Amino acid sequence: MTPGEALKKHWGYDAFRPLQREAVEAALAGRDALVVLPTGGGKSVCFQVPAACQDGLVVVVSPLIALMDDQVAGAREAGISAGAMHQNLDAGQKRSVRQALDDGSLRLLYLSPERLVVGDLSAAIAKRLKLVAIDEAHCISHWGHDFRPEYRQIADVLKSWPRVPVMALTATATPKVQDDIVAQLRLPQPLRLVGAIDRPNLVFRALPREQPLEQMLAVINRHPGEGGIVYAQTRKAVEQFAEKLKAKGVDARAYHAGMDAVARSRTVADFTSERLQVVVATVAFGMGIDRSNVRFVIHAALPRSVEHYQQESGRAGRDGEPAECVLLWGGQDFATWRFLARQESPDPERLRGLERQLAAIGRYASAPMCRHQLLSQHFGQSYQPSAGGCGACDVCLEETAALPADEALLTAKKLLSAVWRTDNRFGAGHVAKVLRGADDEQVRRWGHERLSVFGLLKDAHDAQLRRWLDQLIAQGHLQVDDGEYPTLSLTEAGYALCKGVGEVRLDAPLPPRARTRKGKAAKPVPAGSDAGLFERLRKLRAELAATAGLPPYIIATDAGLHAVCAAKPTTIEQLAACHGWGEKRAARYGERILAAL
C-alpha cells in the first residue's frame, strides 16, 4: 500500500499536509528525520502512515499517558493495531498489548521515556522494529522550554537499534533547539523538515490587562457554546477567575496541580468530551489535553516565554478552523515570573535564561507589529504580511496602531524622565498621575507637582499612560521591583534611550470603537455546510463518543462533520470518501450518520 492509499483508506484524506509525505517517505526509506510542524500540522500522521504501509512495528516515545491513550484510540479508530504500556493499565490490558507485540499483530507501540529505558521490551521490539518516533522532541534539549532529563536517556537505547530510522518530532523549536535535538539523539545526517510555524487560522491579540474579567467575557461571548482555555499565572488566580466566570453564567471550571487528582481527571474528561465549555488553568493543563476544536485560548497574564506561548496558544484551532488567541498582560507579570523563578531555583544561569525569555515574550506582547510576523521571526522564519497586513491580529486588523518612530521616542523620554525625577521609587499609578498633572494628595505630599514633568502628558488618559509604561517594561527600558511595593526604575537601556540610543515602539491611543472591534474572531460556517445539520451531527457525535468511551474528536473532527454536511452521503462508501472519515470509521458509525442525514 502506498502512503497516499493508506492516508485515504485509514484517515479519509485525499492529500498530505505540508511535509507529511516527505516525513513518511524518509521513514519508509530508512532515513532519520527531524520534523518540526506547528500544532495541528499533523505530526502523528508522519509516523502512523508508515505503520499502516508496512509489516512491522513503529515505537512512539511520548511524554504523557493521556496523550498516548488518545493517540492509541485514534489509531485504532483508523484501523491501525495500536497499544501503549504504562502504569495506568490493568494487568489484563498489559497482557493484551504484550501478546500483540509478541505475536506480531501490533503496528504501533507507545511508550514513555521511562518505560522505554527499563529494557524488558527491547528484545521483542527489535524483532519487527521499523521506526522509532520521538514525539515532543524539544523535551530533550536544555534550550527547550520543557526540558525533561529522562529524555536524555533515549539516545542510549537507540544505540541498541543502529539500523532503525529515528524520527524526532516537535511543534516548538528554535534553530538552536533543533540543533540540540539532533546532537542529543546523535543523528548523523537527518533529513530536516521544518514547516512554517505560522498558523493562519489563528487570530492573535495582545492587549493590556485593564478589566480582565470583562476582557475574558468579551472573547468567550464571541464563541457561544464553544470550548476554550483560560491560562492564569498562579493557582490563586485560576480559582478566582473560574469563580468569577461561573458567577457570570459561563460553564467554567478550575484546574491546577494543587487540586485533588480525581477532580483534575474529571475536569479533563469533561472538557475533552465537550461536556465542559471553559477550563481556567495553570500550565499544568498541558500537552495531554487533546481536544481539536478549541475555539479560543486566553492568557490572563504573560506566559513564561514565546515558546510556552506558541505551544499553549497552539491548542486553539487544531482542526484547522478559525480560532482566537488573546494575551492579556501587565508590567507586574515580569516581576511575578522573576519571583516564581527564584522560588524554584536560585541558579544564576537559569535566572539569566528567564530574563532572555521574558525579553522575547515582552517584545511580542508590547510591540505594535504584526503578531504573526513576530512569532515567525522568533523561530527563525521569515513572514511578510501582504500590503493589507495578515488580517488575523489586532495590529493588522487596525485594533492596535503604532506611534510614528520620532513621536514614540519623544513620548518614551517623557515617561522615563518622570520615573527618574520621582527617584525611581514610585509605582506606575503615581507616575501616571504626575504626567497627567493630577490634583492628588500623594502627588502634593511628595512635592511632585513642582517637577518639570508634572502635566507633561496631560492630554493622555490614565489607562494609556499605564499601557505605555508597561510597554517600556516589556521592551526592557523600565523594570519593576518585585518587593512589597511594585516600584518602577530605569534600566541601563532606559538611560540610554533618554540619550537617544536604542529603539522603542509604543502604540497609538485608539478611540473606544476601534479598540472593541471584533475583527475575524467569529467562526464562519464552511461553504455548503448546514448549521442546523451540523449541530445535530455534533450531538450525535457526543452520543457515539460517550458510548465508545472516547473523546468526540476521535469519532470525527468538526471539519469531518462539515464535510458530511456539504456532501450529504447516502452510502457507507460515500461517507468513507468524506474528508477525515476513512473506511473503518465509516463502517463503524455509518448507519447512525446516514440515519441522521
# chains A, B, ... in the order shown; residues from 1 in each chain; ligands from 1
call {"tool": "residues_around", "arguments": {"residues": "His562 in chain A", "least_positions_apart": "3", "cutoff": "7 Å", "atoms": "only C-alpha atoms", "output": "list of chain:residue names"}}
result
A:Ser529, A:Phe534, A:Asp558, A:Ala559, A:Cys565, A:Ala566
call {"tool": "write_last_selection", "arguments": {"atoms": "N, CA and C atoms", "output": "short mmCIF file (atom, residue, chain, number, x, y, z; two decimals), in the first residue's frame"}}
result
data_model
loop_
_atom_site.label_atom_id
_atom_site.label_comp_id
_atom_site.auth_asym_id
_atom_site.auth_seq_id
_atom_site.Cartn_x
_atom_site.Cartn_y
_atom_site.Cartn_z
N SER A 529 -22.11 24.03 3.97
CA SER A 529 -22.48 23.37 5.21
C SER A 529 -23.84 23.87 5.69
N PHE A 534 -25.29 20.46 11.15
CA PHE A 534 -24.01 20.35 11.86
C PHE A 534 -24.25 20.18 13.36
N ASP A 558 -14.59 18.44 13.77
CA ASP A 558 -15.58 19.39 13.25
C ASP A 558 -15.50 19.49 11.74
N ALA A 559 -14.26 19.48 11.23
CA ALA A 559 -14.09 19.55 9.77
C ALA A 559 -14.73 18.34 9.09
N CYS A 565 -21.90 17.44 6.12
CA CYS A 565 -22.99 18.39 5.86
C CYS A 565 -22.99 18.84 4.40
N ALA A 566 -21.79 19.04 3.86
CA ALA A 566 -21.69 19.53 2.49
C ALA A 566 -21.98 18.44 1.47
#
call {"tool": "residues_around", "arguments": {"residues": "Pro3 in chain A", "least_positions_apart": "3", "cutoff": "7 Å", "atoms": "only C-alpha atoms", "output": "ChimeraX atom specification"}}
result
/A:6-7,49,53
call {"tool": "closest_atom_pairs", "arguments": {"of": "range 441-513 of chain A", "to": "range 359-366 of chain A", "cutoff": "12 Å", "atoms": "only C-alpha atoms", "output": "JSON lines"}}
result
{"residue": "A:Arg467", "atom": "CA", "partner": "A:Ser366", "partner_atom": "CA", "distance": 9.0}
{"residue": "A:Trp468", "atom": "CA", "partner": "A:Ser366", "partner_atom": "CA", "distance": 8.9}
{"residue": "A:Leu469", "atom": "CA", "partner": "A:Ser366", "partner_atom": "CA", "distance": 10.3}
{"residue": "A:Asp470", "atom": "CA", "partner": "A:Ser366", "partner_atom": "CA", "distance": 7.8}
{"residue": "A:Gln471", "atom": "CA", "partner": "A:Ser366", "partner_atom": "CA", "distance": 5.1}
{"residue": "A:Leu472", "atom": "CA", "partner": "A:Ser366", "partner_atom": "CA", "distance": 8.3}
{"residue": "A:Ile473", "atom": "CA", "partner": "A:Gly362", "partner_atom": "CA", "distance": 8.0}
{"residue": "A:Ala474", "atom": "CA", "partner": "A:Gly362", "partner_atom": "CA", "distance": 4.2}
{"residue": "A:Gln475", "atom": "CA", "partner": "A:Arg363", "partner_atom": "CA", "distance": 5.6}
{"residue": "A:Gly476", "atom": "CA", "partner": "A:Ala359", "partner_atom": "CA", "distance": 6.8}
{"residue": "A:His477", "atom": "CA", "partner": "A:Ala359", "partner_atom": "CA", "distance": 10.6}
{"residue": "A:Leu478", "atom": "CA", "partner": "A:Ala359", "partner_atom": "CA", "distance": 11.7}
{"residue": "A:Gln479", "atom": "CA", "partner": "A:Ala359", "partner_atom": "CA", "distance": 11.3}
{"residue": "A:Glu503", "atom": "CA", "partner": "A:Arg363", "partner_atom": "CA", "distance": 11.9}
{"residue": "A:Val504", "atom": "CA", "partner": "A:Ser366", "partner_atom": "CA", "distance": 10.0}
{"residue": "A:Arg505", "atom": "CA", "partner": "A:Ser366", "partner_atom": "CA", "distance": 7.8}
{"residue": "A:Leu506", "atom": "CA", "partner": "A:Ser366", "partner_atom": "CA", "distance": 7.6}
{"residue": "A:Asp507", "atom": "CA", "partner": "A:Ser366", "partner_atom": "CA", "distance": 8.2}
{"residue": "A:Ala508", "atom": "CA", "partner": "A:Ser366", "partner_atom": "CA", "distance": 11.9}
call {"tool": "residues_around", "arguments": {"residues": "Arg107 in chain A", "least_positions_apart": "3", "cutoff": "8 Å", "atoms": "only C-alpha atoms", "output": "number ranges by chain"}}
result
A: 51-52, 55-58, 80-82, 104
call {"tool": "select_by_dssp", "arguments": {"residues": "range 185-369 of chain A", "states": "helix (DSSP H, G or I)", "output": "ChimeraX atom specification"}}
result
/A:185,212-221,235-247,261-272,306-313,332-344,348-366
call {"tool": "residues_around", "arguments": {"residues": "Asn201 in chain A", "least_positions_apart": "3", "cutoff": "10 Å", "atoms": "only C-alpha atoms", "output": "number ranges by chain"}}
result
A: 198, 204, 316-324, 392, 520
call {"tool": "residues_around", "arguments": {"residues": "range 343-354 of chain A", "least_positions_apart": "4", "cutoff": "10 Å", "atoms": "only C-alpha atoms", "output": "PDB file with C-alpha atoms, in the first residue's frame"}}
result
ATOM      1  CA  TRP A 143      17.430  25.062  25.441  1.00  0.00           C
ATOM      2  CA  ARG A 304       6.977  32.460  30.657  1.00  0.00           C
ATOM      3  CA  SER A 305       8.388  32.537  27.121  1.00  0.00           C
ATOM      4  CA  PHE A 334       7.550  40.208  34.713  1.00  0.00           C
ATOM      5  CA  TRP A 337       7.802  35.399  36.934  1.00  0.00           C
ATOM      6  CA  ARG A 338      11.104  36.507  38.485  1.00  0.00           C
ATOM      7  CA  PHE A 339       9.730  35.843  41.968  1.00  0.00           C
ATOM      8  CA  LEU A 358      10.908  37.464  29.328  1.00  0.00           C
ATOM      9  CA  ALA A 359      12.538  39.963  26.982  1.00  0.00           C
ATOM     10  CA  ALA A 360      11.315  37.980  23.981  1.00  0.00           C
TER      11      ALA A 360
END
call {"tool": "select_by_dssp", "arguments": {"residues": "range 116-215 of chain A", "states": "strand (DSSP E)", "output": "mmCIF file with N, CA and C atoms, in the first residue's frame"}}
result
data_model
loop_
_atom_site.group_PDB
_atom_site.id
_atom_site.type_symbol
_atom_site.label_atom_id
_atom_site.label_comp_id
_atom_site.auth_asym_id
_atom_site.auth_seq_id
_atom_site.Cartn_x
_atom_site.Cartn_y
_atom_site.Cartn_z
ATOM 1 N N LEU A 129 11.010 -4.124 14.517
ATOM 2 C CA LEU A 129 11.072 -2.672 14.595
ATOM 3 C C LEU A 129 11.436 -2.040 13.254
ATOM 4 N N LYS A 130 10.615 -1.081 12.808
ATOM 5 C CA LYS A 130 10.840 -0.376 11.547
ATOM 6 C C LYS A 130 11.136 1.110 11.737
ATOM 7 N N LEU A 131 10.689 1.681 12.872
ATOM 8 C CA LEU A 131 10.840 3.108 13.081
ATOM 9 C C LEU A 131 10.689 3.433 14.562
ATOM 10 N N VAL A 132 11.519 4.361 15.044
ATOM 11 C CA VAL A 132 11.341 4.919 16.387
ATOM 12 C C VAL A 132 10.992 6.394 16.225
ATOM 13 N N ALA A 133 9.836 6.791 16.726
ATOM 14 C CA ALA A 133 9.395 8.188 16.649
ATOM 15 C C ALA A 133 9.485 8.806 18.048
ATOM 16 N N ILE A 134 10.188 9.934 18.163
ATOM 17 C CA ILE A 134 10.322 10.643 19.435
ATOM 18 C C ILE A 134 9.412 11.858 19.374
ATOM 19 N N VAL A 166 15.182 6.927 12.939
ATOM 20 C CA VAL A 166 14.613 7.685 14.056
ATOM 21 C C VAL A 166 13.944 8.936 13.499
ATOM 22 N N MET A 167 12.736 9.211 13.959
ATOM 23 C CA MET A 167 12.021 10.426 13.574
ATOM 24 C C MET A 167 11.757 11.232 14.845
ATOM 25 N N ALA A 168 12.376 12.414 14.943
ATOM 26 C CA ALA A 168 12.152 13.308 16.079
ATOM 27 C C ALA A 168 11.149 14.369 15.656
ATOM 28 N N LEU A 169 10.106 14.543 16.466
ATOM 29 C CA LEU A 169 9.029 15.456 16.086
ATOM 30 C C LEU A 169 8.747 16.459 17.196
ATOM 31 N N THR A 170 8.483 17.690 16.814
ATOM 32 C CA THR A 170 8.100 18.728 17.761
ATOM 33 C C THR A 170 7.358 19.831 17.017
ATOM 34 N N LEU A 191 17.287 14.063 7.748
ATOM 35 C CA LEU A 191 16.531 14.953 6.874
ATOM 36 C C LEU A 191 15.796 15.946 7.767
ATOM 37 N N ARG A 192 16.009 17.235 7.515
ATOM 38 C CA ARG A 192 15.350 18.256 8.336
ATOM 39 C C ARG A 192 14.125 18.778 7.593
ATOM 40 N N LEU A 193 12.978 18.570 8.207
ATOM 41 C CA LEU A 193 11.722 19.012 7.615
ATOM 42 C C LEU A 193 11.096 20.017 8.584
ATOM 43 N N VAL A 194 11.299 21.286 8.299
ATOM 44 C CA VAL A 194 10.842 22.350 9.185
ATOM 45 C C VAL A 194 9.722 23.113 8.497
ATOM 46 N N LEU A 202 -5.385 31.170 13.103
ATOM 47 C CA LEU A 202 -5.456 31.761 14.435
ATOM 48 C C LEU A 202 -5.414 33.276 14.361
ATOM 49 N N VAL A 203 -6.315 33.924 15.090
ATOM 50 C CA VAL A 203 -6.315 35.377 15.230
ATOM 51 C C VAL A 203 -5.635 35.701 16.557
ATOM 52 N N PHE A 204 -4.510 36.435 16.501
ATOM 53 C CA PHE A 204 -3.751 36.778 17.705
ATOM 54 C C PHE A 204 -4.051 38.205 18.137
ATOM 55 N N ARG A 205 -4.248 38.368 19.437
ATOM 56 C CA ARG A 205 -4.403 39.693 20.024
ATOM 57 C C ARG A 205 -3.558 39.759 21.296
ATOM 58 N N ALA A 206 -2.821 40.859 21.481
ATOM 59 C CA ALA A 206 -2.065 41.105 22.707
ATOM 60 C C ALA A 206 -2.530 42.446 23.255
ATOM 61 N N LEU A 207 -3.187 42.417 24.415
ATOM 62 C CA LEU A 207 -3.859 43.607 24.934
ATOM 63 C C LEU A 207 -3.436 43.888 26.373
ATOM 64 N N PRO A 208 -3.305 45.139 26.743
ATOM 65 C CA PRO A 208 -3.047 45.453 28.148
ATOM 66 C C PRO A 208 -4.190 44.928 29.019
#
call {"tool": "closest_residue", "arguments": {"among": "A:Ala493, A:Ala237, A:Ala252, A:Ile220", "to": "Val297 in chain A", "atoms": "only C-alpha atoms"}}
result
A:Ile220
call {"tool": "residues_around", "arguments": {"residues": "range 433-442 of chain A", "least_positions_apart": "4", "cutoff": "6 Å", "atoms": "only C-alpha atoms", "output": "MDAnalysis selection string"}}
result
chainID A and resid 454:458
call {"tool": "write_last_selection", "arguments": {"atoms": "C-alpha atoms", "output": "short mmCIF file (atom, residue, chain, number, x, y, z; two decimals), in the first residue's frame"}}
result
data_model
loop_
_atom_site.label_atom_id
_atom_site.label_comp_id
_atom_site.auth_asym_id
_atom_site.auth_seq_id
_atom_site.Cartn_x
_atom_site.Cartn_y
_atom_site.Cartn_z
CA PHE A 454 4.28 67.49 36.06
CA GLY A 455 1.46 67.61 33.47
CA LEU A 456 3.89 66.84 30.64
CA LEU A 457 1.35 64.36 29.14
CA LYS A 458 -1.84 65.95 30.46
#
call {"tool": "closest_residue", "arguments": {"among": "A:Ser489, A:Ser265, A:Gln464, A:Thr570", "to": "Glu210 in chain A", "atoms": "only C-alpha atoms"}}
result
A:Gln464
call {"tool": "closest_residue", "arguments": {"among": "A:Trp11, A:Phe379, A:Tyr553, A:Trp329", "to": "Val306 in chain A", "atoms": "only C-alpha atoms"}}
result
A:Phe379
call {"tool": "residues_around", "arguments": {"residues": "range 245-247 of chain A", "least_positions_apart": "4", "cutoff": "10 Å", "atoms": "only C-alpha atoms", "output": "list in words"}}
result
Leu213, Glu214, Met216, Leu217, Ile220, Gln240, Phe241, Asp251, Ala252, Arg253, Val278 and Val280 of chain A
call {"tool": "write_last_selection", "arguments": {"atoms": "C-alpha atoms", "output": "mmCIF file, in the first residue's frame"}}
result
data_model
loop_
_atom_site.group_PDB
_atom_site.id
_atom_site.type_symbol
_atom_site.label_atom_id
_atom_site.label_comp_id
_atom_site.auth_asym_id
_atom_site.auth_seq_id
_atom_site.Cartn_x
_atom_site.Cartn_y
_atom_site.Cartn_z
ATOM 1 C CA LEU A 213 -12.890 39.612 33.666
ATOM 2 C CA GLU A 214 -14.703 41.834 31.159
ATOM 3 C CA MET A 216 -12.294 37.481 29.024
ATOM 4 C CA LEU A 217 -16.073 37.605 28.752
ATOM 5 C CA ILE A 220 -15.957 33.948 25.428
ATOM 6 C CA GLN A 240 -10.586 33.420 41.355
ATOM 7 C CA PHE A 241 -11.171 33.686 37.617
ATOM 8 C CA ASP A 251 -19.665 26.944 32.167
ATOM 9 C CA ALA A 252 -16.144 27.153 33.625
ATOM 10 C CA ARG A 253 -14.049 25.062 35.982
ATOM 11 C CA VAL A 278 -14.155 26.544 29.580
ATOM 12 C CA VAL A 280 -9.315 28.010 33.717
#
call {"tool": "closest_residue", "arguments": {"among": "A:Leu185, A:Ala173, A:Val480, A:Cys578", "to": "Leu158 in chain A", "atoms": "only C-alpha atoms"}}
result
A:Leu185
